[in-house]
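Colleague: Okay, handing you the structure first.
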Amino acid sequence: MRFQFALPLSIAAAVLFLPLDVAAQSMRVQDLGVGKLLVATRDAPDPHFAKTVVLLVQLDGNGTLGLMINHPAKVPISRALGQLKAAKNRSDPIYLGGPVEASMVLALLRARNQPDDARRVVGDVYMISTRPLLEKTLAAGTGPSEFHACVGYCGWGAGQLEKEMKLGVWYIFDGDAKLVFDSDPDSVWSRLIARIELKVERWRPPAGQGWEKAPLTATALRIAHGAMR
C-alpha cells in the first residue's frame with residue numbers, strides 16, 4: 001500500500017483533498033530557506049521545541065541556524081546583558097533564542113536600511129551577530145517593536161532539519177516582520193496552529209464517519225501535502 005497510516009477511508013479522503021494553501025503553510029523540505037518560519041506541530045517529539053516558532057537565519061550545506069521568536073524570558077535585557085553599558089536601562093525582555101550555546105547573544109533588528117555587519121534575514125529584518133553593532137543598536141534606544149536580543153539559538157547539523165521535516169515535526173510559514181516583532185509573542189504559536197486547524201476543520205467529513213475518533217496528525221498532513229503536489 002502507498003500510505004501506511006490507520007485512518008478510516010472517509011478521513012483519509014478528506015486529508016488528501018485539503019486545499020493546497022492550508023493556512024499558507026508547507027511541510028516540504030524544498031520550501032526550507034532563510035527567512036522562513038518553522039512552527040512546531042502539536043505532536044513534535046522534542047520538548048525543547050514544544051509550542052515554538054523559529055525564524056531561520058542561516059541555512060547551508062553545513063547545517064541550519066534559527067532563533068525562537070515567541071519565548072521572551074522574564075529577565076530584562078538590562079539584567080541579561082548587564083556587562084553592556086548601553087543595556088543599563090532596558091526593561092524589555094531578553095528572548096530565549098534556542099537551547100544551543102545559551103551564552104551566545106544574537107539579535108534581530110527591523111530597519112529601513114541594512115546596517116553594516118548585519119545579515120538580512122527577510123524583508124527589513126536583519127540579524128546582529130557582532131558586539132559593536134549590538135552595543136550601537138542598544139545605545140540608539142531601538143525599542144522592542146524593532147529589536148529583540150536573544151540568548152542561545154536553534155541549531156541543526158547537515159541534513160538533520162530535513163530529516164525532521166520528513167517526520168512531520170514542523171510546518172513552514174513565510175517569514176513576516178510583523179510576526180517576528182509581534183506585540184504578543186506568547187500567543188504566536190497558538191495563532192498559527194489555529195490557522196492550520198481552522199482550514200482542516202472546514203474539510204472534515206460529516207459527523208458520524210469516524211473523524212472525531214482519529215484526530216488529524218502532522219504525519220497525515222505531511223502525506224496529504226505530498227499527494228497533492
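Going by the C-alpha cells order, chains are called A, B, ..., each with residues numbered from 1, while ligands are numbered from 1 in the order shown.
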Determine, counting only C-alpha atoms, which protein, DNA and RNA residues have an atom within 6 Å of an atom of A:Gly98; residues of the same chain fewer than 2 positions away are not included. Present the result as a PDB file with all heavy atoms, in the first residue's frame.

Modeller:
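Below you can see around22.pdb, which holds the result:
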ATOM      1  N   MET A  68      14.313  31.314  18.059  1.00  0.00           N
ATOM      2  CA  MET A  68      12.931  31.296  18.517  1.00  0.00           C
ATOM      3  C   MET A  68      12.442  32.739  18.650  1.00  0.00           C
ATOM      4  O   MET A  68      13.161  33.596  19.163  1.00  0.00           O
ATOM      5  CB  MET A  68      12.829  30.609  19.880  1.00  0.00           C
ATOM      6  CG  MET A  68      13.216  29.144  19.887  1.00  0.00           C
ATOM      7  SD  MET A  68      13.090  28.466  21.575  1.00  0.00           S
ATOM      8  CE  MET A  68      13.587  26.766  21.293  1.00  0.00           C
ATOM      9  N   LEU A  96      14.590  33.902  24.567  1.00  0.00           N
ATOM     10  CA  LEU A  96      15.278  32.618  24.524  1.00  0.00           C
ATOM     11  C   LEU A  96      15.356  32.208  23.056  1.00  0.00           C
ATOM     12  O   LEU A  96      14.356  31.816  22.452  1.00  0.00           O
ATOM     13  CB  LEU A  96      14.512  31.577  25.340  1.00  0.00           C
ATOM     14  CG  LEU A  96      14.270  31.947  26.816  1.00  0.00           C
ATOM     15  CD1 LEU A  96      13.466  30.857  27.511  1.00  0.00           C
ATOM     16  CD2 LEU A  96      15.589  32.181  27.535  1.00  0.00           C
ATOM     17  N   VAL A 100      20.824  25.910  22.199  1.00  0.00           N
ATOM     18  CA  VAL A 100      22.249  25.751  21.899  1.00  0.00           C
ATOM     19  C   VAL A 100      23.019  27.008  22.305  1.00  0.00           C
ATOM     20  O   VAL A 100      22.601  28.131  22.009  1.00  0.00           O
ATOM     21  CB  VAL A 100      22.464  25.473  20.395  1.00  0.00           C
ATOM     22  CG1 VAL A 100      23.948  25.259  20.102  1.00  0.00           C
ATOM     23  CG2 VAL A 100      21.649  24.265  19.949  1.00  0.00           C
ATOM     24  N   GLY A 152      21.232  32.203  23.113  1.00  0.00           N
ATOM     25  CA  GLY A 152      21.134  30.862  22.566  1.00  0.00           C
ATOM     26  C   GLY A 152      20.508  30.864  21.180  1.00  0.00           C
ATOM     27  O   GLY A 152      20.005  31.887  20.703  1.00  0.00           O
ATOM     28  N   TYR A 153      20.557  29.711  20.539  1.00  0.00           N
ATOM     29  CA  TYR A 153      19.965  29.582  19.211  1.00  0.00           C
ATOM     30  C   TYR A 153      19.560  28.134  18.975  1.00  0.00           C
ATOM     31  O   TYR A 153      19.885  27.236  19.764  1.00  0.00           O
ATOM     32  CB  TYR A 153      20.946  30.056  18.129  1.00  0.00           C
ATOM     33  CG  TYR A 153      22.225  29.249  18.042  1.00  0.00           C
ATOM     34  CD1 TYR A 153      22.316  28.109  17.242  1.00  0.00           C
ATOM     35  CD2 TYR A 153      23.357  29.631  18.765  1.00  0.00           C
ATOM     36  CE1 TYR A 153      23.489  27.370  17.165  1.00  0.00           C
ATOM     37  CE2 TYR A 153      24.534  28.905  18.698  1.00  0.00           C
ATOM     38  CZ  TYR A 153      24.596  27.770  17.892  1.00  0.00           C
ATOM     39  OH  TYR A 153      25.759  27.036  17.829  1.00  0.00           O
ATOM     40  N   CYS A 154      18.846  27.902  17.894  1.00  0.00           N
ATOM     41  CA  CYS A 154      18.467  26.551  17.477  1.00  0.00           C
ATOM     42  C   CYS A 154      19.434  26.123  16.380  1.00  0.00           C
ATOM     43  O   CYS A 154      19.648  26.878  15.425  1.00  0.00           O
ATOM     44  CB  CYS A 154      17.040  26.530  16.934  1.00  0.00           C
ATOM     45  SG  CYS A 154      15.796  27.141  18.091  1.00  0.00           S
TER      46      CYS A 154
END

Colleague: Write out as CSV a residue-level contact list of stretch 58-108 of chain A versus stretch 181-199 of chain A with cut-off 10 Å: for each qualifying residue the closest pair of atoms and the distance in Å to one decimal, counting only C-alpha atoms, rows sorted by chain and residue number upward.

Modeller:
residue,atom,partner,partner_atom,distance
A:Ile69,CA,A:Pro185,CA,7.1
A:Asn70,CA,A:Pro185,CA,4.6
A:His71,CA,A:Asp186,CA,6.4
A:Pro72,CA,A:Pro185,CA,7.4
A:Leu108,CA,A:Phe181,CA,9.0

Colleague: Please produce an output containing N, CA, C and O atoms for each residue in the selection, written as a tab-separated table (two decimals), in the first residue's frame.

Modeller:
chain	number	residue	atom	x	y	z
A	69	ILE	N	11.22	33.00	18.20
A	69	ILE	CA	10.71	34.36	18.26
A	69	ILE	C	9.55	34.52	19.24
A	69	ILE	O	9.04	35.63	19.42
A	70	ASN	N	9.15	33.43	19.89
A	70	ASN	CA	7.94	33.50	20.73
A	70	ASN	C	8.19	33.11	22.19
A	70	ASN	O	7.25	32.74	22.89
A	71	HIS	N	9.44	33.20	22.64
A	71	HIS	CA	9.74	32.84	24.02
A	71	HIS	C	10.51	33.95	24.75
A	71	HIS	O	11.70	33.80	25.05
A	72	PRO	N	9.83	35.07	25.05
A	72	PRO	CA	10.50	36.09	25.86
A	72	PRO	C	10.70	35.57	27.28
A	72	PRO	O	9.82	34.91	27.83
A	108	LEU	N	17.77	40.39	16.59
A	108	LEU	CA	17.00	40.66	15.37
A	108	LEU	C	16.61	42.13	15.38
A	108	LEU	O	16.16	42.67	16.40

Colleague: Just list the residues in stretch 68-199 of chain A DSSP gives helix (DSSP H, G or I) on the backbone, as number ranges by chain.

Modeller: A: 77-80, 85-87, 131-139, 160-166, 177-180, 185-199

Colleague: Please build the interface table for stretch 96-152 of chain A against stretch 30-51 of chain A with a cut-off of 10 Å, listing for each qualifying residue the nearest atom pair and the distance in Å to one decimal; count only C-alpha atoms, order rows by chain and increasing number, and write it as CSV.

Modeller:
residue,atom,partner,partner_atom,distance
A:Gly98,CA,A:His48,CA,8.1
A:Pro99,CA,A:His48,CA,7.0
A:Arg120,CA,A:Gly35,CA,8.7
A:Val121,CA,A:Gly35,CA,5.1
A:Val122,CA,A:Gly35,CA,4.7
A:Gly123,CA,A:Gly35,CA,8.3
A:Val125,CA,A:Gly35,CA,8.8
A:Tyr126,CA,A:Gly35,CA,9.8

Colleague: List as a list in words the protein and nucleic acid residues near stretch 63-66 of chain A, meaning an atom at most 6 Å away when only C-alpha atoms are counted, but skip any in the same chain fewer than 4 places from it.

Modeller: Val54, Leu55, Leu56, Val57, Gln58, Leu59, Cys154, Gly155, Trp156, Gly157 and Ala158 of chain A

Colleague: If you keep all heavy atoms, can you produce a file of those selected residues as a PDB file, in the first residue's frame?

Modeller:
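New file part-v1.pdb:
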ATOM      1  N   VAL A  54      10.241  29.266  15.090  1.00  0.00           N
ATOM      2  CA  VAL A  54      11.663  29.539  14.866  1.00  0.00           C
ATOM      3  C   VAL A  54      11.855  30.262  13.534  1.00  0.00           C
ATOM      4  O   VAL A  54      11.354  29.809  12.499  1.00  0.00           O
ATOM      5  CB  VAL A  54      12.481  28.229  14.848  1.00  0.00           C
ATOM      6  CG1 VAL A  54      13.960  28.519  14.583  1.00  0.00           C
ATOM      7  CG2 VAL A  54      12.314  27.470  16.159  1.00  0.00           C
ATOM      8  N   LEU A  55      12.569  31.366  13.565  1.00  0.00           N
ATOM      9  CA  LEU A  55      12.934  32.077  12.340  1.00  0.00           C
ATOM     10  C   LEU A  55      14.276  31.548  11.861  1.00  0.00           C
ATOM     11  O   LEU A  55      15.275  31.602  12.592  1.00  0.00           O
ATOM     12  CB  LEU A  55      13.035  33.579  12.613  1.00  0.00           C
ATOM     13  CG  LEU A  55      13.512  34.452  11.438  1.00  0.00           C
ATOM     14  CD1 LEU A  55      12.487  34.445  10.308  1.00  0.00           C
ATOM     15  CD2 LEU A  55      13.786  35.880  11.909  1.00  0.00           C
ATOM     16  N   LEU A  56      14.326  31.029  10.638  1.00  0.00           N
ATOM     17  CA  LEU A  56      15.582  30.522  10.092  1.00  0.00           C
ATOM     18  C   LEU A  56      16.449  31.688   9.626  1.00  0.00           C
ATOM     19  O   LEU A  56      16.014  32.507   8.808  1.00  0.00           O
ATOM     20  CB  LEU A  56      15.312  29.570   8.925  1.00  0.00           C
ATOM     21  CG  LEU A  56      14.557  28.278   9.274  1.00  0.00           C
ATOM     22  CD1 LEU A  56      14.419  27.390   8.042  1.00  0.00           C
ATOM     23  CD2 LEU A  56      15.255  27.518  10.397  1.00  0.00           C
ATOM     24  N   VAL A  57      17.669  31.761  10.142  1.00  0.00           N
ATOM     25  CA  VAL A  57      18.559  32.876   9.814  1.00  0.00           C
ATOM     26  C   VAL A  57      19.788  32.433   9.027  1.00  0.00           C
ATOM     27  O   VAL A  57      20.509  33.265   8.479  1.00  0.00           O
ATOM     28  CB  VAL A  57      19.001  33.624  11.094  1.00  0.00           C
ATOM     29  CG1 VAL A  57      17.801  34.253  11.783  1.00  0.00           C
ATOM     30  CG2 VAL A  57      19.732  32.699  12.060  1.00  0.00           C
ATOM     31  N   GLN A  58      20.024  31.135   8.969  1.00  0.00           N
ATOM     32  CA  GLN A  58      21.152  30.624   8.188  1.00  0.00           C
ATOM     33  C   GLN A  58      20.860  29.194   7.779  1.00  0.00           C
ATOM     34  O   GLN A  58      20.403  28.379   8.591  1.00  0.00           O
ATOM     35  CB  GLN A  58      22.445  30.672   9.006  1.00  0.00           C
ATOM     36  CG  GLN A  58      23.674  30.162   8.265  1.00  0.00           C
ATOM     37  CD  GLN A  58      24.939  30.296   9.097  1.00  0.00           C
ATOM     38  OE1 GLN A  58      25.135  31.295   9.790  1.00  0.00           O
ATOM     39  NE2 GLN A  58      25.796  29.295   9.049  1.00  0.00           N
ATOM     40  N   LEU A  59      21.103  28.876   6.518  1.00  0.00           N
ATOM     41  CA  LEU A  59      20.886  27.523   6.013  1.00  0.00           C
ATOM     42  C   LEU A  59      21.863  27.288   4.872  1.00  0.00           C
ATOM     43  O   LEU A  59      21.833  27.998   3.867  1.00  0.00           O
ATOM     44  CB  LEU A  59      19.439  27.353   5.542  1.00  0.00           C
ATOM     45  CG  LEU A  59      18.958  25.928   5.229  1.00  0.00           C
ATOM     46  CD1 LEU A  59      17.442  25.824   5.397  1.00  0.00           C
ATOM     47  CD2 LEU A  59      19.329  25.522   3.799  1.00  0.00           C
ATOM     48  N   CYS A 154      18.846  27.902  17.894  1.00  0.00           N
ATOM     49  CA  CYS A 154      18.467  26.551  17.477  1.00  0.00           C
ATOM     50  C   CYS A 154      19.434  26.123  16.380  1.00  0.00           C
ATOM     51  O   CYS A 154      19.648  26.878  15.425  1.00  0.00           O
ATOM     52  CB  CYS A 154      17.040  26.530  16.934  1.00  0.00           C
ATOM     53  SG  CYS A 154      15.796  27.141  18.091  1.00  0.00           S
ATOM     54  N   GLY A 155      20.010  24.963  16.512  1.00  0.00           N
ATOM     55  CA  GLY A 155      20.975  24.513  15.519  1.00  0.00           C
ATOM     56  C   GLY A 155      20.719  23.088  15.067  1.00  0.00           C
ATOM     57  O   GLY A 155      20.348  22.230  15.874  1.00  0.00           O
ATOM     58  N   TRP A 156      20.886  22.856  13.777  1.00  0.00           N
ATOM     59  CA  TRP A 156      20.746  21.523  13.197  1.00  0.00           C
ATOM     60  C   TRP A 156      21.972  21.234  12.338  1.00  0.00           C
ATOM     61  O   TRP A 156      22.414  22.094  11.562  1.00  0.00           O
ATOM     62  CB  TRP A 156      19.510  21.433  12.304  1.00  0.00           C
ATOM     63  CG  TRP A 156      18.192  21.572  13.001  1.00  0.00           C
ATOM     64  CD1 TRP A 156      17.399  20.561  13.477  1.00  0.00           C
ATOM     65  CD2 TRP A 156      17.473  22.788  13.281  1.00  0.00           C
ATOM     66  NE1 TRP A 156      16.256  21.068  14.035  1.00  0.00           N
ATOM     67  CE2 TRP A 156      16.268  22.429  13.936  1.00  0.00           C
ATOM     68  CE3 TRP A 156      17.745  24.143  13.049  1.00  0.00           C
ATOM     69  CZ2 TRP A 156      15.334  23.376  14.349  1.00  0.00           C
ATOM     70  CZ3 TRP A 156      16.821  25.086  13.464  1.00  0.00           C
ATOM     71  CH2 TRP A 156      15.633  24.708  14.106  1.00  0.00           C
ATOM     72  N   GLY A 157      22.526  20.048  12.460  1.00  0.00           N
ATOM     73  CA  GLY A 157      23.623  19.648  11.600  1.00  0.00           C
ATOM     74  C   GLY A 157      23.133  19.380  10.190  1.00  0.00           C
ATOM     75  O   GLY A 157      21.925  19.378   9.922  1.00  0.00           O
ATOM     76  N   ALA A 158      24.071  19.152   9.286  1.00  0.00           N
ATOM     77  CA  ALA A 158      23.718  18.908   7.888  1.00  0.00           C
ATOM     78  C   ALA A 158      22.720  17.759   7.775  1.00  0.00           C
ATOM     79  O   ALA A 158      22.956  16.666   8.286  1.00  0.00           O
ATOM     80  CB  ALA A 158      24.979  18.593   7.085  1.00  0.00           C
TER      81      ALA A 158
END

Colleague: Mind checking DSSP for stretch 43-155 of chain A and telling me the strand (DSSP E or B) residues as number ranges by chain?

Modeller: A: 53-60, 63-68, 72-76, 93-96, 100-110, 118-122, 125-128, 147-155

Colleague: Do you have the atom CA of A:Ile172-atom CA of A:Met27 distance handy?

Modeller: 5.9 Å

Colleague: Rank A:Leu133, A:Ser26, A:Gly159, A:Glu101 by their smallest atom-to-atom distance to A:Asp116, using only C-alpha atoms, and report the top residue only.

Modeller: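 Of all the options, A:Leu133 lies closest to A:Asp116.
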
Colleague: Between atom CA of A:Lys88 and atom CA of A:Pro144, what is the spacing in Å?

Modeller: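 Taking atom CA of A:Pro144 as the start and atom CA of A:Lys88 as the end point, the length is 15.0 Å.
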
Colleague: Would you mind telling me which residue in A:Gln160, A:Gln114, A:Ser103, A:Asn89 lies nearest to A:Ala139 when using only C-alpha atoms?

Modeller: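 The shortest atom-to-atom distance to A:Ala139 comes from A:Asn89.
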
Colleague: What's the separation between atom CA of A:Phe173 and atom CA of A:Gln25, in Å to one decimal place?

Modeller: 4.9 Å
